[in-house]
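Novice: What follows is final.cif; its format and atoms are mmCIF, C-alpha atoms.
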data_input
loop_
_atom_site.label_atom_id
_atom_site.label_comp_id
_atom_site.auth_asym_id
_atom_site.auth_seq_id
_atom_site.Cartn_x
_atom_site.Cartn_y
_atom_site.Cartn_z
CA MET X 384 10.11 11.07 -8.76
CA ASN X 385 13.24 9.09 -9.58
CA VAL X 386 14.94 6.39 -7.52
CA LEU X 387 17.30 8.85 -5.83
CA GLU X 388 14.51 11.16 -4.64
CA PHE X 389 12.29 8.23 -3.72
CA SER X 390 15.07 6.66 -1.60
CA ALA X 391 15.84 9.98 0.10
CA LEU X 392 12.18 10.64 0.97
CA ILE X 393 11.60 7.13 2.27
CA GLY X 394 14.86 7.25 4.19
CA LEU X 395 13.77 10.50 5.81
CA GLY X 396 10.31 9.20 6.68
CA SER X 397 11.83 6.03 8.12
CA LEU X 398 14.29 8.06 10.15
CA LEU X 399 11.42 9.99 11.70
CA ALA X 400 9.46 6.78 12.33
CA GLY X 401 12.46 5.14 14.01
CA PHE X 402 13.18 8.26 16.04
CA LEU X 403 9.63 8.66 17.35
CA GLY X 404 9.28 4.91 17.83
CA ALA X 405 12.33 4.76 20.07
CA LEU X 406 11.43 7.95 21.92
CA THR X 407 7.90 6.84 22.72
CA GLY X 408 8.66 3.15 23.17
CA LEU X 409 6.06 2.20 20.58
CA GLY X 410 8.59 0.98 18.03
CA GLY X 411 9.09 2.42 14.56
CA GLY X 412 7.99 -0.65 12.61
CA VAL X 413 4.35 -0.13 13.38
CA VAL X 414 4.16 3.08 11.31
CA VAL X 415 6.53 2.06 8.50
CA VAL X 416 4.05 -0.19 6.71
CA PRO X 417 1.17 2.35 6.75
CA MET X 418 3.59 5.10 5.73
CA LEU X 419 4.79 3.11 2.71
CA ALA X 420 1.33 1.86 1.77
CA LEU X 421 -0.71 5.03 2.29
CA LEU X 422 1.80 7.79 1.54
CA PHE X 423 4.05 6.21 -1.07
CA HIS X 424 1.51 3.79 -2.59
CA VAL X 425 3.83 0.84 -2.16
CA ASP X 426 2.20 -2.59 -2.44
CA ILE X 427 1.64 -3.82 1.11
CA ARG X 428 3.67 -6.98 0.46
CA TYR X 429 6.81 -4.99 -0.37
CA ALA X 430 6.07 -2.76 2.62
CA ILE X 431 5.86 -5.77 4.96
CA GLY X 432 9.17 -7.15 3.66
CA ALA X 433 10.99 -3.84 4.13
CA SER X 434 9.46 -3.27 7.56
CA LEU X 435 10.47 -6.72 8.84
CA VAL X 436 14.07 -6.04 7.96
CA SER X 437 14.03 -2.73 9.81
CA VAL X 438 12.45 -4.45 12.82
CA ILE X 439 15.37 -6.89 13.03
CA ALA X 440 17.86 -4.01 12.84
CA THR X 441 16.28 -1.91 15.61
CA SER X 442 15.59 -4.85 17.88
CA SER X 443 19.13 -6.16 17.62
CA GLY X 444 20.59 -2.68 18.05
CA ALA X 445 18.50 -1.93 21.12
CA ALA X 446 18.89 -5.41 22.61
CA ALA X 447 22.65 -5.02 22.42
CA ALA X 448 22.34 -2.06 24.80
CA TYR X 449 19.71 -3.63 27.07
CA VAL X 450 21.35 -6.99 27.74
CA ARG X 451 24.32 -5.28 29.29
CA GLU X 452 22.09 -3.50 31.80
CA GLY X 453 20.91 -6.85 33.12
CA TYR X 454 17.14 -6.39 32.81
CA SER X 455 16.33 -8.96 30.17
CA ASN X 456 15.84 -12.59 31.10
CA ILE X 457 17.40 -14.90 28.49
CA ARG X 458 15.57 -18.00 29.73
CA ILE X 459 12.14 -16.39 29.50
CA GLY X 460 13.15 -14.99 26.11
CA MET X 461 14.38 -18.27 24.69
CA PHE X 462 11.48 -20.32 26.02
CA LEU X 463 8.89 -17.92 24.60
CA GLU X 464 10.76 -17.69 21.30
CA THR X 465 9.70 -21.27 20.57
CA ALA X 466 6.16 -19.85 20.52
CA THR X 467 6.87 -16.60 18.64
CA THR X 468 8.96 -18.20 15.89
CA ALA X 469 6.42 -20.97 15.33
CA GLY X 470 3.73 -18.26 15.30
CA ALA X 471 5.77 -16.26 12.78
CA LEU X 472 5.84 -19.21 10.36
CA ALA X 473 2.07 -19.53 10.76
CA GLY X 474 1.67 -15.78 10.16
CA VAL X 475 3.61 -15.95 6.89
CA GLY X 476 1.53 -18.96 5.89
CA ILE X 477 -1.64 -16.92 6.43
CA ALA X 478 -0.19 -13.88 4.62
CA LEU X 479 0.41 -15.94 1.48
CA TYR X 480 -3.27 -16.85 1.23
CA VAL X 481 -5.26 -13.82 2.35
CA SER X 482 -5.80 -10.66 0.31
CA SER X 483 -3.91 -7.40 0.82
CA ASN X 484 -7.17 -5.80 1.92
CA ALA X 485 -7.66 -8.30 4.74
CA ILE X 486 -4.07 -7.71 5.87
CA ALA X 487 -4.69 -3.95 5.88
CA ILE X 488 -7.76 -4.35 8.09
CA VAL X 489 -5.94 -6.55 10.61
CA PHE X 490 -3.09 -4.05 10.52
CA GLY X 491 -5.46 -1.19 11.30
CA VAL X 492 -6.92 -3.03 14.29
CA VAL X 493 -3.42 -3.76 15.65
CA LEU X 494 -2.50 -0.07 15.24
CA LEU X 495 -5.56 1.04 17.21
CA TYR X 496 -4.83 -1.52 19.88
CA SER X 497 -1.18 -0.41 20.18
CA ALA X 498 -2.27 3.20 20.61
CA TYR X 499 -4.80 2.19 23.26
CA LEU X 500 -2.19 0.19 25.15
CA SER X 501 0.30 3.04 25.09
CA SER X 502 -2.21 5.44 26.64
CA ARG X 503 -2.46 3.34 29.76
CA HIS X 504 -0.17 3.66 32.70
CA TYR X 505 1.33 0.47 33.92
CA VAL X 506 2.00 -0.36 37.56
CA ASP X 507 3.94 -3.45 38.56
CA GLY X 508 1.77 -5.94 40.41
CA ALA X 509 2.56 -7.50 43.77
CA HIS X 510 4.88 -10.45 44.09
CA VAL X 511 3.40 -13.74 42.97
CA PRO X 512 4.52 -17.27 43.81
CA SER X 513 6.08 -19.22 40.92
CA SER X 514 3.79 -21.68 39.22
CA LYS X 515 4.98 -25.28 38.98
CA LEU X 516 5.70 -25.02 35.27
CA ALA X 517 7.61 -21.76 35.67
CA GLU X 518 9.61 -23.39 38.46
CA ARG X 519 10.55 -26.33 36.26
CA LEU X 520 11.55 -23.98 33.43
CA ARG X 521 13.51 -21.81 35.89
CA LEU X 522 11.93 -18.63 34.57
CA HIS X 523 12.32 -16.64 37.80
CA GLY X 524 15.06 -14.04 37.93
CA ALA X 525 16.32 -10.81 39.39
CA TYR X 526 16.98 -7.35 38.02
CA PRO X 527 18.83 -4.28 39.29
CA GLY X 528 16.33 -2.13 41.22
CA PRO X 529 16.81 1.13 43.12
CA ASN X 530 17.55 -0.80 46.35
CA GLY X 531 19.77 -3.53 44.92
CA LYS X 532 18.65 -6.77 43.28
CA GLU X 533 14.92 -7.28 42.98
CA SER X 534 13.86 -10.87 42.48
CA TYR X 535 10.65 -11.91 40.77
CA ASN X 536 8.64 -15.03 40.08
CA VAL X 537 6.67 -16.06 37.02
CA THR X 538 3.23 -17.60 36.63
CA GLY X 539 0.58 -18.04 33.94
CA VAL X 540 2.93 -19.82 31.55
CA PRO X 541 0.32 -21.48 29.26
CA ALA X 542 -1.63 -18.22 28.74
CA GLY X 543 1.57 -16.25 28.14
CA TYR X 544 2.80 -18.90 25.72
CA GLY X 545 -0.45 -18.80 23.76
CA LEU X 546 -0.37 -15.00 23.52
CA MET X 547 3.23 -15.22 22.33
CA PHE X 548 2.18 -17.49 19.50
CA VAL X 549 -0.38 -14.84 18.49
CA ALA X 550 2.28 -12.11 18.76
CA GLY X 551 4.54 -14.13 16.48
CA ALA X 552 1.76 -14.73 13.98
CA LEU X 553 0.95 -11.00 13.85
CA SER X 554 4.64 -10.25 13.38
CA GLY X 555 4.85 -12.66 10.45
CA LEU X 556 1.56 -11.52 8.93
CA LEU X 557 2.13 -7.76 9.24
CA GLY X 558 5.91 -7.34 9.28
CA ILE X 559 5.94 -5.65 12.67
CA GLY X 560 7.66 -6.39 15.97
CA SER X 561 4.39 -6.94 17.89
CA GLY X 562 6.08 -5.50 20.96
CA ALA X 563 2.72 -4.45 22.39
CA VAL X 564 1.28 -7.99 22.39
CA LYS X 565 4.55 -9.42 23.69
CA VAL X 566 4.62 -7.06 26.64
CA LEU X 567 0.95 -7.82 27.30
CA ALA X 568 1.68 -11.55 27.41
CA MET X 569 4.56 -11.07 29.77
CA ASP X 570 3.29 -8.54 32.25
CA ARG X 571 -0.44 -9.29 32.23
CA ALA X 572 -0.45 -13.07 31.85
CA MET X 573 2.88 -14.01 33.36
CA LYS X 574 3.25 -11.20 35.93
CA ILE X 575 6.79 -10.36 34.87
CA PRO X 576 7.97 -6.89 36.02
CA PHE X 577 7.52 -4.17 33.38
CA LYS X 578 11.19 -3.35 32.91
CA VAL X 579 12.02 -7.02 32.45
CA SER X 580 9.15 -7.67 30.03
CA THR X 581 9.89 -4.65 27.81
CA THR X 582 13.60 -5.42 27.48
CA THR X 583 13.07 -9.16 27.05
CA SER X 584 10.38 -8.45 24.46
CA ASN X 585 12.81 -6.27 22.54
CA PHE X 586 15.31 -9.08 22.69
CA MET X 587 12.79 -11.53 21.23
CA ILE X 588 11.55 -9.28 18.42
CA GLY X 589 14.67 -9.75 16.30
CA VAL X 590 14.51 -13.54 16.46
CA THR X 591 10.78 -13.55 15.72
CA ALA X 592 11.22 -11.25 12.73
CA ALA X 593 14.15 -13.30 11.44
CA ALA X 594 11.91 -16.39 11.38
CA SER X 595 9.52 -14.75 8.92
CA ALA X 596 12.11 -12.63 7.04
CA GLY X 597 13.81 -15.72 5.61
CA LEU X 598 10.53 -17.02 4.19
CA TYR X 599 9.65 -13.60 2.75
CA LEU X 600 13.09 -13.24 1.19
CA HIS X 601 12.67 -16.52 -0.67
CA ARG X 602 9.24 -15.45 -1.87
CA GLY X 603 10.55 -12.20 -3.31
CA TYR X 604 8.83 -9.83 -0.84
CA ILE X 605 12.06 -8.11 0.12
CA ALA X 606 12.91 -5.56 -2.56
CA PRO X 607 16.46 -4.25 -1.98
CA GLY X 608 15.79 -0.80 -3.43
CA LEU X 609 12.96 -0.27 -0.95
CA ALA X 610 14.32 -2.16 2.07
CA MET X 611 17.60 -0.22 1.89
CA PRO X 612 16.31 3.29 2.77
CA VAL X 613 13.78 1.84 5.24
CA MET X 614 16.33 -0.22 7.15
CA LEU X 615 19.02 2.47 7.24
CA GLY X 616 16.50 5.21 8.10
CA VAL X 617 14.72 3.35 10.90
CA LEU X 618 18.00 2.13 12.37
CA ALA X 619 19.57 5.60 12.40
CA GLY X 620 16.38 7.12 13.77
CA SER X 621 16.05 4.62 16.60
CA LEU X 622 19.68 5.02 17.64
CA LEU X 623 19.17 8.77 17.67
CA GLY X 624 15.94 8.40 19.64
CA ALA X 625 17.55 6.17 22.26
CA ARG X 626 20.25 8.78 22.73
CA VAL X 627 17.80 11.67 23.18
CA LEU X 628 15.44 9.59 25.33
CA VAL X 629 17.28 10.23 28.58
CA ARG X 630 16.80 13.98 28.40
CA ALA X 631 13.57 14.47 26.51
CA ARG X 632 10.12 15.03 27.98
CA VAL X 633 8.25 12.46 25.98
CA LYS X 634 4.73 12.70 27.36
CA VAL X 635 3.37 15.15 24.78
CA LEU X 636 5.27 13.40 22.02
CA ARG X 637 3.84 10.08 23.14
CA TYR X 638 0.27 11.34 22.84
CA LEU X 639 1.04 12.92 19.50
CA PHE X 640 2.54 9.73 18.14
CA ALA X 641 -0.37 7.69 19.53
CA ALA X 642 -2.75 10.08 17.71
CA VAL X 643 -0.85 9.55 14.44
CA ILE X 644 -1.12 5.79 14.95
CA VAL X 645 -4.88 6.05 15.53
CA VAL X 646 -5.34 8.03 12.30
CA LEU X 647 -3.21 5.53 10.37
CA GLY X 648 -5.16 2.68 11.95
CA PHE X 649 -8.53 4.05 10.81
CA GLU X 650 -7.20 4.80 7.37
CA MET X 651 -5.80 1.28 6.97
CA ILE X 652 -9.15 -0.21 8.00
CA TYR X 653 -11.03 2.15 5.68
CA LYS X 654 -8.77 1.45 2.69
CA GLY X 655 -8.94 -2.26 3.44
CA ILE X 656 -12.73 -2.31 3.51
CA ALA X 657 -12.95 -0.10 0.43
CA GLY X 658 -10.56 -2.52 -1.29
CA ARG X 659 -8.07 0.17 -2.22
CA ILE X 660 -4.90 -1.09 -0.61
CA MET Y 133 22.22 -19.49 42.17
CA SER Y 134 24.92 -16.83 42.23
CA ALA Y 135 27.19 -18.88 39.99
CA GLN Y 136 24.33 -19.26 37.53
CA THR Y 137 23.54 -15.56 37.59
CA TRP Y 138 27.16 -14.73 37.00
CA ASN Y 139 27.33 -17.06 34.04
CA ASP Y 140 24.11 -15.63 32.65
CA ARG Y 141 25.53 -12.13 32.94
CA ARG Y 142 28.64 -13.06 31.02
CA ILE Y 143 26.57 -14.69 28.31
CA GLU Y 144 24.46 -11.55 28.06
CA VAL Y 145 27.52 -9.34 27.61
CA ILE Y 146 28.81 -11.54 24.79
CA ILE Y 147 25.37 -11.65 23.18
CA GLY Y 148 25.25 -7.85 23.30
CA ALA Y 149 28.58 -7.59 21.48
CA LEU Y 150 27.47 -10.20 18.93
CA LEU Y 151 24.26 -8.32 18.12
CA ARG Y 152 26.04 -4.99 17.86
CA THR Y 153 28.69 -6.39 15.50
CA GLY Y 154 26.07 -8.05 13.31
CA VAL Y 155 23.99 -4.89 12.94
CA ILE Y 156 27.00 -2.67 12.21
CA LEU Y 157 28.34 -5.14 9.64
CA ALA Y 158 24.94 -5.49 7.96
CA ALA Y 159 24.33 -1.73 7.85
CA THR Y 160 27.79 -1.14 6.37
CA VAL Y 161 27.22 -3.66 3.59
CA VAL Y 162 23.74 -2.23 2.85
CA LEU Y 163 25.22 1.27 2.71
CA LEU Y 164 27.91 0.10 0.32
CA GLY Y 165 25.28 -1.53 -1.90
CA ALA Y 166 23.19 1.64 -1.72
CA VAL Y 167 26.05 3.71 -3.16
CA VAL Y 168 26.50 1.33 -6.09
CA TYR Y 169 22.75 0.98 -6.65
CA LEU Y 170 21.99 4.72 -6.51
CA ALA Y 171 24.96 5.59 -8.70
CA ARG Y 172 23.72 3.22 -11.41
CA HIS Y 173 19.95 3.41 -11.07
CA GLY Y 174 19.38 6.75 -9.29
CA SER Y 175 17.67 8.40 -12.23
CA GLU Y 176 15.28 5.54 -13.04
CA ILE Y 177 11.63 5.62 -12.04
CA PRO Y 178 10.80 3.37 -9.06
CA ASN Y 179 7.71 1.20 -9.17
CA TYR Y 180 6.58 -0.66 -6.11
CA ALA Y 181 2.86 -0.08 -6.59
CA VAL Y 182 2.33 -3.46 -8.21
CA PHE Y 183 3.73 -6.57 -6.60
CA HIS Y 184 5.73 -8.93 -8.75
CA ARG Y 185 8.09 -11.12 -6.76
CA GLU Y 186 11.73 -10.15 -6.88
CA PRO Y 187 13.78 -12.09 -9.46
CA ASP Y 188 15.42 -15.37 -8.41
CA ASN Y 189 18.89 -13.85 -8.32
CA LEU Y 190 17.77 -11.70 -5.36
CA THR Y 191 15.94 -14.37 -3.37
CA SER Y 192 18.38 -17.24 -2.79
CA ALA Y 193 21.50 -16.97 -0.64
CA THR Y 194 23.88 -18.46 -3.18
CA ALA Y 195 22.61 -16.24 -6.01
CA ILE Y 196 22.85 -13.16 -3.77
CA VAL Y 197 26.48 -13.88 -2.87
CA HIS Y 198 27.23 -14.50 -6.52
CA GLY Y 199 25.62 -11.20 -7.55
CA ALA Y 200 27.35 -9.27 -4.77
CA LEU Y 201 30.74 -10.55 -5.91
CA GLY Y 202 29.82 -9.28 -9.36
CA MET Y 203 29.31 -5.82 -7.77
CA SER Y 204 25.57 -5.65 -8.40
CA GLY Y 205 24.27 -2.92 -6.08
CA ARG Y 206 20.98 -4.66 -5.41
CA ALA Y 207 22.72 -7.96 -4.62
CA ILE Y 208 25.11 -6.21 -2.21
CA ILE Y 209 22.13 -4.63 -0.41
CA GLN Y 210 20.46 -8.03 -0.28
CA LEU Y 211 23.68 -9.55 1.12
CA GLY Y 212 23.61 -6.94 3.90
CA LEU Y 213 19.99 -7.82 4.65
CA LEU Y 214 20.93 -11.51 4.69
CA LEU Y 215 23.66 -10.72 7.24
CA LEU Y 216 21.07 -8.84 9.27
CA ILE Y 217 18.68 -11.80 9.24
CA ALA Y 218 21.59 -14.08 10.19
CA THR Y 219 22.44 -11.96 13.26
CA PRO Y 220 19.62 -13.23 15.52
CA VAL Y 221 20.31 -16.74 14.20
CA ALA Y 222 23.94 -16.42 15.33
CA ARG Y 223 22.67 -15.16 18.66
CA VAL Y 224 20.49 -18.25 19.13
CA LEU Y 225 23.33 -20.55 18.06
CA PHE Y 226 25.62 -18.93 20.60
CA SER Y 227 22.95 -19.28 23.30
CA ALA Y 228 22.75 -23.03 22.61
CA ILE Y 229 26.50 -23.35 23.11
CA ALA Y 230 26.36 -21.21 26.25
CA PHE Y 231 23.56 -23.29 27.78
CA ALA Y 232 25.53 -26.45 26.96
CA LEU Y 233 28.57 -25.03 28.78
CA GLU Y 234 26.30 -24.35 31.77
CA ARG Y 235 25.08 -27.96 31.49
CA ASP Y 236 21.53 -26.68 31.30
CA TYR Y 237 20.30 -29.35 28.92
CA LEU Y 238 16.64 -28.39 29.13
CA TYR Y 239 17.54 -25.00 27.67
CA VAL Y 240 19.92 -26.50 25.12
CA PHE Y 241 16.90 -28.43 23.88
CA ILE Y 242 14.60 -25.37 23.91
CA THR Y 243 17.23 -23.29 22.09
CA LEU Y 244 17.73 -25.97 19.45
CA ILE Y 245 13.99 -25.89 18.69
CA VAL Y 246 14.22 -22.13 18.02
CA LEU Y 247 17.37 -22.64 15.97
CA GLY Y 248 15.67 -25.36 13.94
CA ILE Y 249 12.74 -23.07 13.10
CA LEU Y 250 15.10 -20.24 12.09
CA LEU Y 251 17.26 -22.48 9.92
CA TYR Y 252 14.17 -23.92 8.26
CA SER Y 253 13.04 -20.39 7.41
CA LEU Y 254 16.45 -19.36 6.15
CA PHE Y 255 17.13 -22.39 3.99
CA GLU Y 256 13.79 -23.73 2.83
CA SER Y 257 13.29 -23.32 -0.87
CA SER Y 258 9.91 -21.91 -1.80
CA GLY Y 259 7.73 -23.13 -4.57
#
Could you quickly redo this structure as structure tokens?

Specialist:
Amino acid sequence: MNVLEFSALIGLGSLLAGFLGALTGLGGGVVVVPMLALLFHVDIRYAIGASLVSVIATSSGAAAAYVREGYSNIRIGMFLETATTAGALAGVGIALYVSSNAIAIVFGVVLLYSAYLSSRHYVDGAHVPSSKLAERLRLHGAYPGPNGKESYNVTGVPAGYGLMFVAGALSGLLGIGSGAVKVLAMDRAMKIPFKVSTTTSNFMIGVTAAASAGLYLHRGYIAPGLAMPVMLGVLAGSLLGARVLVRARVKVLRYLFAAVIVVLGFEMIYKGIAGRI
Amino acid sequence: MSAQTWNDRRIEVIIGALLRTGVILAATVVLLGAVVYLARHGSEIPNYAVFHREPDNLTSATAIVHGALGMSGRAIIQLGLLLLIATPVARVLFSAIAFALERDYLYVFITLIVLGILLYSLFESSG
């Protein structure tokens, strides 16, 4: 396989990952690293570098569309980004010292967890009063609902902040967006409405990934020949997926994609334990 | 409250345009670099199975710009990726200015913390 064929194959695989990721809401980044590592036998460090770059591209592309709809909350996003970016630096710091096998095992666990989370149906909780801290940070907001503006309050700031640090660290360690953990922090811990937490999370992913991408670039993890087809493929796929999303029936696809993630998760853990990553 | 919401909305619209422009610009540069790179190296055998850090001329901003001006395909791709990484940074910088215009100094401070972390990551030189 020469460079041309290699680039075309990886571009195609990334396109599919981006497409399914956007369609199912699970994000394409989470399958890019296992695809590169397991299928194409790319060293996991190169895979992480390439994946991070594609995460920035899709997040920024999608956020550009979301912010105009008025769902995302820029104050919540910015406040929590202090936690995710600091976490990202910590994640890179850890990545530089642990073995590829350990990274693969953590990756596998995160994959299984993402699949589990996606299989659950989420219902918005009842209104909560703002906590004192949330009040001082002016995190409350409103979003366009079916019957006009729906306002919401925020609580559980310290727990949410802590989870965000973890989300950032996982993003830096594994080269993924960690959207699943971010949404968990926002809607479970902080009681932010689902639509607001998913769009704000998407908004934050690009900034979080940028914090670790700079460090990885300087350390030579980002190989242009590999990052190029991954970034272009995932970006094109996710734009395509977002366009189809409105019309498609995604339920079956969602289960199918979750099943793929579970298989990849087990394989990453297995390869990690066997020391063959 | 309504004045604040209105201002926030306008900021969001501008941020949306900023992000879109950054991604399109970055993707275009990467695509351009891809053409040069594949034309020159398309028939070589790729090897990413063993990690050896990328050479210095592809890891520092100044060297990347230098290489891109010399029409190195890989450096042009890397320049596109650098633009992509810079896009969220520009977004945060713009947010800081926007919060300052709103006289929301608490959020100017919060935003500057994020900006500081991003700039550290972008400009620190590794050992």

Novice: What's the 6 Å shell around stretch 238-249 of chain Y, counting all atoms listed in the file, without same-chain residues fewer than 5 positions away, as a list in words?

Specialist: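 Once the nearby chain positions are removed, what remains is Thr465 of chain X; Ala228, Phe231 and Ala232 of chain Y.
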
Novice: Kindly assemble as JSON lines a list of the chain X residues that lie within 6 Å of chain Y, each paired with its nearest atom pair and their distance in Å to one decimal, using all atoms listed in the file, sorted first by chain and then by ascending residue number.

Specialist:
{"residue": "X:Asn385", "atom": "CA", "partner": "Y:Ile177", "partner_atom": "CA", "distance": 4.5}
{"residue": "X:Val386", "atom": "CA", "partner": "Y:Gly174", "partner_atom": "CA", "distance": 4.8}
{"residue": "X:Leu387", "atom": "CA", "partner": "Y:Gly174", "partner_atom": "CA", "distance": 4.6}
{"residue": "X:His424", "atom": "CA", "partner": "Y:Ala181", "partner_atom": "CA", "distance": 5.7}
{"residue": "X:Val425", "atom": "CA", "partner": "Y:Ala181", "partner_atom": "CA", "distance": 4.6}
{"residue": "X:Asp426", "atom": "CA", "partner": "Y:Ala181", "partner_atom": "CA", "distance": 4.9}
{"residue": "X:Ser443", "atom": "CA", "partner": "Y:Leu151", "partner_atom": "CA", "distance": 5.6}
{"residue": "X:Gly444", "atom": "CA", "partner": "Y:Arg152", "partner_atom": "CA", "distance": 5.9}
{"residue": "X:Ala447", "atom": "CA", "partner": "Y:Gly148", "partner_atom": "CA", "distance": 3.9}
{"residue": "X:Val450", "atom": "CA", "partner": "Y:Glu144", "partner_atom": "CA", "distance": 5.5}
{"residue": "X:Arg451", "atom": "CA", "partner": "Y:Val145", "partner_atom": "CA", "distance": 5.4}
{"residue": "X:Thr465", "atom": "CA", "partner": "Y:Val246", "partner_atom": "CA", "distance": 5.3}
{"residue": "X:Val590", "atom": "CA", "partner": "Y:Pro220", "partner_atom": "CA", "distance": 5.2}
{"residue": "X:Ala593", "atom": "CA", "partner": "Y:Ile217", "partner_atom": "CA", "distance": 5.3}
{"residue": "X:Ala594", "atom": "CA", "partner": "Y:Leu250", "partner_atom": "CA", "distance": 5.1}
{"residue": "X:Gly597", "atom": "CA", "partner": "Y:Leu254", "partner_atom": "CA", "distance": 4.5}
{"residue": "X:Leu598", "atom": "CA", "partner": "Y:Ser253", "partner_atom": "CA", "distance": 5.3}
{"residue": "X:Leu600", "atom": "CA", "partner": "Y:Thr191", "partner_atom": "CA", "distance": 5.5}
{"residue": "X:His601", "atom": "CA", "partner": "Y:Thr191", "partner_atom": "CA", "distance": 4.8}
{"residue": "X:Gly603", "atom": "CA", "partner": "Y:Glu186", "partner_atom": "CA", "distance": 4.3}
{"residue": "X:Pro607", "atom": "CA", "partner": "Y:Arg206", "partner_atom": "CA", "distance": 5.7}

Novice: Quick one: which residues end up in the PyMOL selection byres ((chain X and resi 546) around 9) for this structure, as a compact mmCIF listing (two decimals) with C-alpha atoms, in the coordinates of the input?

Specialist:
# COMPACT_ATOMS: atom_id res chain seq x y z
CA ALA X 466 6.16 -19.85 20.52
CA THR X 467 6.87 -16.60 18.64
CA PRO X 541 0.32 -21.48 29.26
CA ALA X 542 -1.63 -18.22 28.74
CA GLY X 543 1.57 -16.25 28.14
CA TYR X 544 2.80 -18.90 25.72
CA GLY X 545 -0.45 -18.80 23.76
CA MET X 547 3.23 -15.22 22.33
CA PHE X 548 2.18 -17.49 19.50
CA VAL X 549 -0.38 -14.84 18.49
CA ALA X 550 2.28 -12.11 18.76
CA GLY X 551 4.54 -14.13 16.48
CA VAL X 564 1.28 -7.99 22.39
CA LYS X 565 4.55 -9.42 23.69
CA LEU X 567 0.95 -7.82 27.30
CA ALA X 568 1.68 -11.55 27.41
CA MET X 569 4.56 -11.07 29.77
CA ALA X 572 -0.45 -13.07 31.85

Novice: Residues picked by the PyMOL selection byres ((chain X and resi 659) around 10) here, as a compact mmCIF listing (two decimals) with C-alpha atoms, in the frame of the given file?

Specialist:
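Produced file out_25.txt, reproduced below:
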# COMPACT_ATOMS: atom_id res chain seq x y z
CA LEU X 421 -0.71 5.03 2.29
CA SER X 483 -3.91 -7.40 0.82
CA ASN X 484 -7.17 -5.80 1.92
CA ALA X 487 -4.69 -3.95 5.88
CA MET X 651 -5.80 1.28 6.97
CA TYR X 653 -11.03 2.15 5.68
CA LYS X 654 -8.77 1.45 2.69
CA GLY X 655 -8.94 -2.26 3.44
CA ILE X 656 -12.73 -2.31 3.51
CA ALA X 657 -12.95 -0.10 0.43
CA GLY X 658 -10.56 -2.52 -1.29
CA ILE X 660 -4.90 -1.09 -0.61

Novice: Within 10 Å of (8.9, -23.4, 37.3), only C-alpha atoms: residues as a list in words?

Specialist: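 Applying the cut-off with only C-alpha atoms, one gets Pro512, Ser513, Ser514, Lys515, Leu516, Ala517, Glu518, Arg519, Leu520, Arg521, Leu522, His523, Asn536, Val537, Thr538 and Val540 of chain X.
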
Novice: Nearest to X:Val438 among X:Ile605, X:Ile457, X:Val415, X:Ile488, with distances taken over only C-alpha atoms: which residue is it?

Specialist: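 Of all the options, X:Val415 lies closest to X:Val438.
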
Novice: In Å to one decimal, how far is atom CA of X:Gly470 from atom CA of X:Ala498?

Specialist: 22.9 Å

Novice: Have a look at atom CA of X:Arg458 and atom CA of X:Glu533 and let me know their distance in Å, one decimal.

Specialist: 17.1 Å

Novice: In Å, how far is it from atom CA of X:Ala420 to atom CA of X:Met614?

Specialist: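 Taking atom CA of X:Ala420 as the start and atom CA of X:Met614 as the end point, the length is 16.1 Å.
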
Novice: So which one's closest to X:Val416, X:Met587, X:Val436, X:Ala642, X:Ala469? Using only C-alpha atoms, please.

Specialist: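 Smallest separation from X:Val416 among the options: X:Val436.
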
Novice: Could you tell me which residues the PyMOL selection byres ((chain X and resi 555) around 9) returns for this structure, as a PDB file with C-alpha atoms, keeping the file's coordinate frame?

Specialist:
ATOM      1  CA  ILE X 431       5.860  -5.770   4.960  1.00  0.00           C
ATOM      2  CA  LEU X 435      10.470  -6.720   8.840  1.00  0.00           C
ATOM      3  CA  THR X 468       8.960 -18.200  15.890  1.00  0.00           C
ATOM      4  CA  GLY X 470       3.730 -18.260  15.300  1.00  0.00           C
ATOM      5  CA  ALA X 471       5.770 -16.260  12.780  1.00  0.00           C
ATOM      6  CA  LEU X 472       5.840 -19.210  10.360  1.00  0.00           C
ATOM      7  CA  ALA X 473       2.070 -19.530  10.760  1.00  0.00           C
ATOM      8  CA  GLY X 474       1.670 -15.780  10.160  1.00  0.00           C
ATOM      9  CA  VAL X 475       3.610 -15.950   6.890  1.00  0.00           C
ATOM     10  CA  GLY X 476       1.530 -18.960   5.890  1.00  0.00           C
ATOM     11  CA  ILE X 477      -1.640 -16.920   6.430  1.00  0.00           C
ATOM     12  CA  ALA X 478      -0.190 -13.880   4.620  1.00  0.00           C
ATOM     13  CA  ALA X 550       2.280 -12.110  18.760  1.00  0.00           C
ATOM     14  CA  GLY X 551       4.540 -14.130  16.480  1.00  0.00           C
ATOM     15  CA  ALA X 552       1.760 -14.730  13.980  1.00  0.00           C
ATOM     16  CA  LEU X 553       0.950 -11.000  13.850  1.00  0.00           C
ATOM     17  CA  SER X 554       4.640 -10.250  13.380  1.00  0.00           C
ATOM     18  CA  LEU X 556       1.560 -11.520   8.930  1.00  0.00           C
ATOM     19  CA  LEU X 557       2.130  -7.760   9.240  1.00  0.00           C
ATOM     20  CA  GLY X 558       5.910  -7.340   9.280  1.00  0.00           C
ATOM     21  CA  ILE X 559       5.940  -5.650  12.670  1.00  0.00           C
ATOM     22  CA  GLY X 560       7.660  -6.390  15.970  1.00  0.00           C
ATOM     23  CA  THR X 591      10.780 -13.550  15.720  1.00  0.00           C
ATOM     24  CA  ALA X 592      11.220 -11.250  12.730  1.00  0.00           C
ATOM     25  CA  ALA X 594      11.910 -16.390  11.380  1.00  0.00           C
ATOM     26  CA  SER X 595       9.520 -14.750   8.920  1.00  0.00           C
ATOM     27  CA  ALA X 596      12.110 -12.630   7.040  1.00  0.00           C
TER      28      ALA X 596
END
